[in-house]
file input06.cif (mmCIF, C-alpha atoms; chains and numbers go by the auth columns)
data_query
loop_
_atom_site.group_PDB
_atom_site.id
_atom_site.type_symbol
_atom_site.label_atom_id
_atom_site.label_comp_id
_atom_site.label_asym_id
_atom_site.label_seq_id
_atom_site.Cartn_x
_atom_site.Cartn_y
_atom_site.Cartn_z
_atom_site.B_iso_or_equiv
_atom_site.auth_seq_id
_atom_site.auth_asym_id
ATOM 1 C CA SER A 1 192.742 113.754 59.996 0.00 849 X
ATOM 2 C CA GLU A 2 192.773 112.235 63.442 0.00 850 X
ATOM 3 C CA SER A 3 193.910 108.890 62.050 0.00 851 X
ATOM 4 C CA GLY A 4 197.169 110.542 61.039 0.00 852 X
ATOM 5 C CA HIS A 5 197.564 112.103 64.451 0.00 853 X
ATOM 6 C CA ILE A 6 197.050 108.797 66.270 0.00 854 X
ATOM 7 C CA GLU A 7 199.706 107.132 64.130 0.00 855 X
ATOM 8 C CA ILE A 8 202.190 109.856 65.044 0.00 856 X
ATOM 9 C CA VAL A 9 201.367 109.474 68.741 0.00 857 X
ATOM 10 C CA LYS A 10 201.743 105.680 68.545 0.00 858 X
ATOM 11 C CA PHE A 11 205.094 106.077 66.783 0.00 859 X
ATOM 12 C CA LEU A 12 206.380 108.505 69.422 0.00 860 X
ATOM 13 C CA VAL A 13 205.214 106.336 72.334 0.00 861 X
ATOM 14 C CA LYS A 14 206.783 103.269 70.718 0.00 862 X
ATOM 15 C CA HIS A 15 210.068 105.170 70.518 0.00 863 X
ATOM 16 C CA GLY A 16 210.061 106.205 74.152 0.00 864 X
ATOM 17 C CA ILE A 17 208.512 109.660 74.308 0.00 865 X
ATOM 18 C CA ASN A 18 207.521 110.682 77.825 0.00 866 X
ATOM 19 C CA ILE A 19 203.738 111.007 77.554 0.00 867 X
ATOM 20 C CA ASN A 20 203.665 112.914 80.831 0.00 868 X
ATOM 21 C CA GLU A 21 205.996 115.666 79.573 0.00 869 X
ATOM 22 C CA LYS A 22 204.431 119.107 79.948 0.00 870 X
ATOM 23 C CA SER A 23 204.522 122.294 77.929 0.00 871 X
ATOM 24 C CA ASN A 24 205.506 125.602 79.482 0.00 872 X
ATOM 25 C CA LYS A 25 201.818 126.081 80.424 0.00 873 X
ATOM 26 C CA GLY A 26 201.636 122.677 82.068 0.00 874 X
ATOM 27 C CA ASN A 27 199.742 120.846 79.333 0.00 875 X
ATOM 28 C CA ASN A 28 200.628 117.264 78.516 0.00 876 X
ATOM 29 C CA ILE A 29 199.595 115.371 75.396 0.00 877 X
ATOM 30 C CA LEU A 30 196.346 114.165 77.027 0.00 878 X
ATOM 31 C CA LEU A 31 195.325 117.736 77.736 0.00 879 X
ATOM 32 C CA PHE A 32 196.081 118.762 74.139 0.00 880 X
ATOM 33 C CA ALA A 33 194.144 115.764 72.761 0.00 881 X
ATOM 34 C CA SER A 34 191.142 116.429 75.007 0.00 882 X
ATOM 35 C CA ASP A 35 191.134 120.127 74.169 0.00 883 X
ATOM 36 C CA ASN A 36 191.133 119.339 70.450 0.00 884 X
ATOM 37 C CA GLY A 37 188.570 116.520 70.388 0.00 885 X
ATOM 38 C CA HIS A 38 190.882 113.615 69.560 0.00 886 X
ATOM 39 C CA LEU A 39 189.047 110.717 71.224 0.00 887 X
ATOM 40 C CA GLU A 40 191.219 107.922 69.825 0.00 888 X
ATOM 41 C CA ILE A 41 194.364 109.640 71.065 0.00 889 X
ATOM 42 C CA VAL A 42 192.784 110.140 74.490 0.00 890 X
ATOM 43 C CA LYS A 43 191.914 106.419 74.629 0.00 891 X
ATOM 44 C CA TYR A 44 195.397 105.394 73.523 0.00 892 X
ATOM 45 C CA LEU A 45 197.090 107.592 76.118 0.00 893 X
ATOM 46 C CA VAL A 46 194.847 106.359 78.936 0.00 894 X
ATOM 47 C CA ASP A 47 195.515 102.757 77.869 0.00 895 X
ATOM 48 C CA ASN A 48 199.235 103.553 78.069 0.00 896 X
ATOM 49 C CA GLY A 49 199.034 104.784 81.643 0.00 897 X
ATOM 50 C CA ILE A 50 198.900 108.561 81.394 0.00 898 X
ATOM 51 C CA ASN A 51 197.643 110.331 84.517 0.00 899 X
ATOM 52 C CA ILE A 52 194.006 110.990 83.657 0.00 900 X
ATOM 53 C CA ASN A 53 193.648 113.683 86.329 0.00 901 X
ATOM 54 C CA GLU A 54 196.798 115.685 85.577 0.00 902 X
ATOM 55 C CA LYS A 55 196.186 119.438 85.665 0.00 903 X
ATOM 56 C CA ASN A 56 197.850 122.232 83.752 0.00 904 X
ATOM 57 C CA SER A 57 199.198 125.471 85.221 0.00 905 X
ATOM 58 C CA TYR A 58 195.669 126.894 85.309 0.00 906 X
ATOM 59 C CA GLY A 59 194.198 123.958 87.237 0.00 907 X
ATOM 60 C CA TRP A 60 192.393 122.456 84.235 0.00 908 X
ATOM 61 C CA ASN A 61 192.394 118.700 83.613 0.00 909 X
ATOM 62 C CA ALA A 62 191.434 116.767 80.473 0.00 910 X
ATOM 63 C CA LEU A 63 187.810 116.421 81.574 0.00 911 X
ATOM 64 C CA LEU A 64 187.395 120.157 82.087 0.00 912 X
ATOM 65 C CA LEU A 65 189.027 120.979 78.753 0.00 913 X
ATOM 66 C CA ALA A 66 186.775 118.520 76.885 0.00 914 X
ATOM 67 C CA SER A 67 183.731 119.853 78.750 0.00 915 X
ATOM 68 C CA GLN A 68 184.539 123.427 77.796 0.00 916 X
ATOM 69 C CA LYS A 69 184.498 122.451 74.120 0.00 917 X
ATOM 70 C CA GLY A 70 181.513 120.074 74.314 0.00 918 X
ATOM 71 C CA TYR A 71 183.374 116.900 73.340 0.00 919 X
ATOM 72 C CA PHE A 72 180.766 114.549 74.822 0.00 920 X
ATOM 73 C CA GLU A 73 182.429 111.269 73.803 0.00 921 X
ATOM 74 C CA ILE A 74 185.690 112.312 75.461 0.00 922 X
ATOM 75 C CA ILE A 75 183.815 113.497 78.556 0.00 923 X
ATOM 76 C CA LYS A 76 181.942 110.188 78.785 0.00 924 X
ATOM 77 C CA TYR A 77 185.113 108.146 78.249 0.00 925 X
ATOM 78 C CA LEU A 78 187.156 110.044 80.840 0.00 926 X
ATOM 79 C CA ILE A 79 184.407 109.696 83.451 0.00 927 X
ATOM 80 C CA GLU A 80 184.116 105.962 82.709 0.00 928 X
ATOM 81 C CA LYS A 81 187.876 105.669 83.228 0.00 929 X
ATOM 82 C CA GLY A 82 187.714 107.386 86.615 0.00 930 X
ATOM 83 C CA ALA A 83 188.470 111.032 85.929 0.00 931 X
ATOM 84 C CA ASN A 84 187.786 113.324 88.857 0.00 932 X
ATOM 85 C CA ILE A 85 184.562 115.224 88.328 0.00 933 X
#
call {"tool": "encode", "arguments": {"input": "input06.cif", "output": "structure tokens"}}
result
Amino acid sequence: SESGHIEIVKFLVKHGININEKSNKGNNILLFASDNGHLEIVKYLVDNGININEKNSYGWNALLLASQKGYFEIIKYLIEKGANI
């Protein structure tokens, strides 16, 4: 469940994980959360200062990934928080 995922993310952030760290394809945790529909994680990361417009190696940002999957609440939230359209 997402509630379990958010608790793991909160634990890692509390213990100093770099939320801007990227995978070998350029995805950070915000991109993974947006691509998988985890709204609460997206909100938590944005509240903790993650770059909302960060792009992966393919030029995709969190808004585009959420849009591709139809995650309307994430799309709406990211736009409200100033994501580049």
call {"tool": "closest_residue", "arguments": {"input": "input06.cif", "among": "X:Tyr892, X:Asn876, X:Ala914, X:Asn901", "to": "Phe859 of chain X", "atoms": "all atoms listed in the file"}}
result
X:Tyr892
call {"tool": "residues_around", "arguments": {"input": "input06.cif", "residues": "segment 880-884 of chain X", "least_positions_apart": "4", "cutoff": "7 Å", "atoms": "all atoms listed in the file", "output": "PDB file with C-alpha atoms, in the frame of the given file"}}
result
ATOM      1  CA  ASN X 875     199.742 120.846  79.333  1.00  0.00           C
ATOM      2  CA  ASN X 876     200.628 117.264  78.516  1.00  0.00           C
ATOM      3  CA  ILE X 889     194.364 109.640  71.065  1.00  0.00           C
ATOM      4  CA  VAL X 890     192.784 110.140  74.490  1.00  0.00           C
ATOM      5  CA  ALA X 910     191.434 116.767  80.473  1.00  0.00           C
ATOM      6  CA  LEU X 913     189.027 120.979  78.753  1.00  0.00           C
ATOM      7  CA  ALA X 914     186.775 118.520  76.885  1.00  0.00           C
ATOM      8  CA  ILE X 922     185.690 112.312  75.461  1.00  0.00           C
TER       9      ILE X 922
END
call {"tool": "residues_around", "arguments": {"input": "input06.cif", "residues": "Ile854 of chain X", "least_positions_apart": "2", "cutoff": "12 Å", "atoms": "only C-alpha atoms", "output": "tab-separated table (two decimals) with C-alpha atoms, in the coordinates of the input"}}
result
chain	number	residue	atom	x	y	z
X	849	SER	CA	192.74	113.75	60.00
X	850	GLU	CA	192.77	112.24	63.44
X	851	SER	CA	193.91	108.89	62.05
X	852	GLY	CA	197.17	110.54	61.04
X	856	ILE	CA	202.19	109.86	65.04
X	857	VAL	CA	201.37	109.47	68.74
X	858	LYS	CA	201.74	105.68	68.54
X	859	PHE	CA	205.09	106.08	66.78
X	860	LEU	CA	206.38	108.50	69.42
X	861	VAL	CA	205.21	106.34	72.33
X	877	ILE	CA	199.60	115.37	75.40
X	881	ALA	CA	194.14	115.76	72.76
X	886	HIS	CA	190.88	113.62	69.56
X	887	LEU	CA	189.05	110.72	71.22
X	888	GLU	CA	191.22	107.92	69.82
X	889	ILE	CA	194.36	109.64	71.06
X	890	VAL	CA	192.78	110.14	74.49
X	891	LYS	CA	191.91	106.42	74.63
X	892	TYR	CA	195.40	105.39	73.52
X	893	LEU	CA	197.09	107.59	76.12
call {"tool": "closest_residue", "arguments": {"input": "input06.cif", "among": "X:Gly874, X:Tyr906, X:Asn868, X:Leu911", "to": "Lys924 of chain X", "atoms": "only C-alpha atoms"}}
result
X:Leu911
call {"tool": "atom_distance", "arguments": {"input": "input06.cif", "atom1": "atom CA of Glu855 of chain X", "atom2": "atom CA of Asn899 of chain X"}}
result
20.7 Å
call {"tool": "atom_distance", "arguments": {"input": "input06.cif", "atom1": "atom CA of Leu912 of chain X", "atom2": "atom CA of Ile933 of chain X"}}
result
8.4 Å
call {"tool": "closest_residue", "arguments": {"input": "input06.cif", "among": "X:Lys862, X:Lys870, X:Lys917, X:His853", "to": "Asn904 of chain X", "atoms": "all atoms listed in the file"}}
result
X:Lys870
call {"tool": "atom_distance", "arguments": {"input": "input06.cif", "atom1": "atom CA of Ser871 of chain X", "atom2": "atom CA of Asp895 of chain X"}}
result
21.5 Å
call {"tool": "residues_around", "arguments": {"input": "input06.cif", "residues": "Asn932 of chain X", "least_positions_apart": "2", "cutoff": "9 Å", "atoms": "all atoms listed in the file", "output": "ChimeraX atom specification"}}
result
/X:900-901,909,911,926-927,930
call {"tool": "build_atoms", "arguments": {"input": "input06.cif", "residues": "segment 898-914 of chain X", "atoms": "N, CA and C atoms", "output": "PDB file, in the coordinates of the input"}}
result
ATOM      1  N   ILE X 898     198.771 107.137  81.083  1.00  0.00           N
ATOM      2  CA  ILE X 898     198.900 108.561  81.394  1.00  0.00           C
ATOM      3  C   ILE X 898     198.010 108.913  82.586  1.00  0.00           C
ATOM      4  N   ASN X 899     198.425 109.886  83.366  1.00  0.00           N
ATOM      5  CA  ASN X 899     197.643 110.331  84.517  1.00  0.00           C
ATOM      6  C   ASN X 899     196.406 111.071  84.018  1.00  0.00           C
ATOM      7  N   ILE X 900     195.261 110.457  84.190  1.00  0.00           N
ATOM      8  CA  ILE X 900     194.006 110.990  83.657  1.00  0.00           C
ATOM      9  C   ILE X 900     193.568 112.281  84.347  1.00  0.00           C
ATOM     10  N   ASN X 901     194.063 112.509  85.558  1.00  0.00           N
ATOM     11  CA  ASN X 901     193.648 113.683  86.329  1.00  0.00           C
ATOM     12  C   ASN X 901     194.697 114.786  86.391  1.00  0.00           C
ATOM     13  N   GLU X 902     195.744 114.661  85.593  1.00  0.00           N
ATOM     14  CA  GLU X 902     196.798 115.685  85.577  1.00  0.00           C
ATOM     15  C   GLU X 902     196.200 117.045  85.228  1.00  0.00           C
ATOM     16  N   LYS X 903     196.672 118.074  85.914  1.00  0.00           N
ATOM     17  CA  LYS X 903     196.186 119.438  85.665  1.00  0.00           C
ATOM     18  C   LYS X 903     197.291 120.291  85.060  1.00  0.00           C
ATOM     19  N   ASN X 904     196.881 121.286  84.294  1.00  0.00           N
ATOM     20  CA  ASN X 904     197.850 122.232  83.752  1.00  0.00           C
ATOM     21  C   ASN X 904     198.085 123.368  84.745  1.00  0.00           C
ATOM     22  N   SER X 905     198.837 124.356  84.335  1.00  0.00           N
ATOM     23  CA  SER X 905     199.198 125.471  85.221  1.00  0.00           C
ATOM     24  C   SER X 905     197.990 126.283  85.678  1.00  0.00           C
ATOM     25  N   TYR X 906     196.879 126.146  84.977  1.00  0.00           N
ATOM     26  CA  TYR X 906     195.669 126.894  85.309  1.00  0.00           C
ATOM     27  C   TYR X 906     194.678 126.069  86.131  1.00  0.00           C
ATOM     28  N   GLY X 907     195.057 124.826  86.451  1.00  0.00           N
ATOM     29  CA  GLY X 907     194.198 123.958  87.237  1.00  0.00           C
ATOM     30  C   GLY X 907     193.178 123.167  86.430  1.00  0.00           C
ATOM     31  N   TRP X 908     193.315 123.178  85.110  1.00  0.00           N
ATOM     32  CA  TRP X 908     192.393 122.456  84.235  1.00  0.00           C
ATOM     33  C   TRP X 908     192.914 121.051  83.965  1.00  0.00           C
ATOM     34  N   ASN X 909     192.019 120.056  84.004  1.00  0.00           N
ATOM     35  CA  ASN X 909     192.394 118.700  83.613  1.00  0.00           C
ATOM     36  C   ASN X 909     191.722 118.366  82.278  1.00  0.00           C
ATOM     37  N   ALA X 910     191.962 117.166  81.781  1.00  0.00           N
ATOM     38  CA  ALA X 910     191.434 116.767  80.473  1.00  0.00           C
ATOM     39  C   ALA X 910     189.910 116.825  80.438  1.00  0.00           C
ATOM     40  N   LEU X 911     189.268 116.409  81.522  1.00  0.00           N
ATOM     41  CA  LEU X 911     187.810 116.421  81.574  1.00  0.00           C
ATOM     42  C   LEU X 911     187.257 117.844  81.456  1.00  0.00           C
ATOM     43  N   LEU X 912     187.858 118.768  82.158  1.00  0.00           N
ATOM     44  CA  LEU X 912     187.395 120.157  82.087  1.00  0.00           C
ATOM     45  C   LEU X 912     187.607 120.755  80.698  1.00  0.00           C
ATOM     46  N   LEU X 913     188.753 120.453  80.091  1.00  0.00           N
ATOM     47  CA  LEU X 913     189.027 120.979  78.753  1.00  0.00           C
ATOM     48  C   LEU X 913     188.029 120.432  77.736  1.00  0.00           C
ATOM     49  N   ALA X 914     187.748 119.119  77.801  1.00  0.00           N
ATOM     50  CA  ALA X 914     186.775 118.520  76.885  1.00  0.00           C
ATOM     51  C   ALA X 914     185.377 119.078  77.137  1.00  0.00           C
TER      52      ALA X 914
END
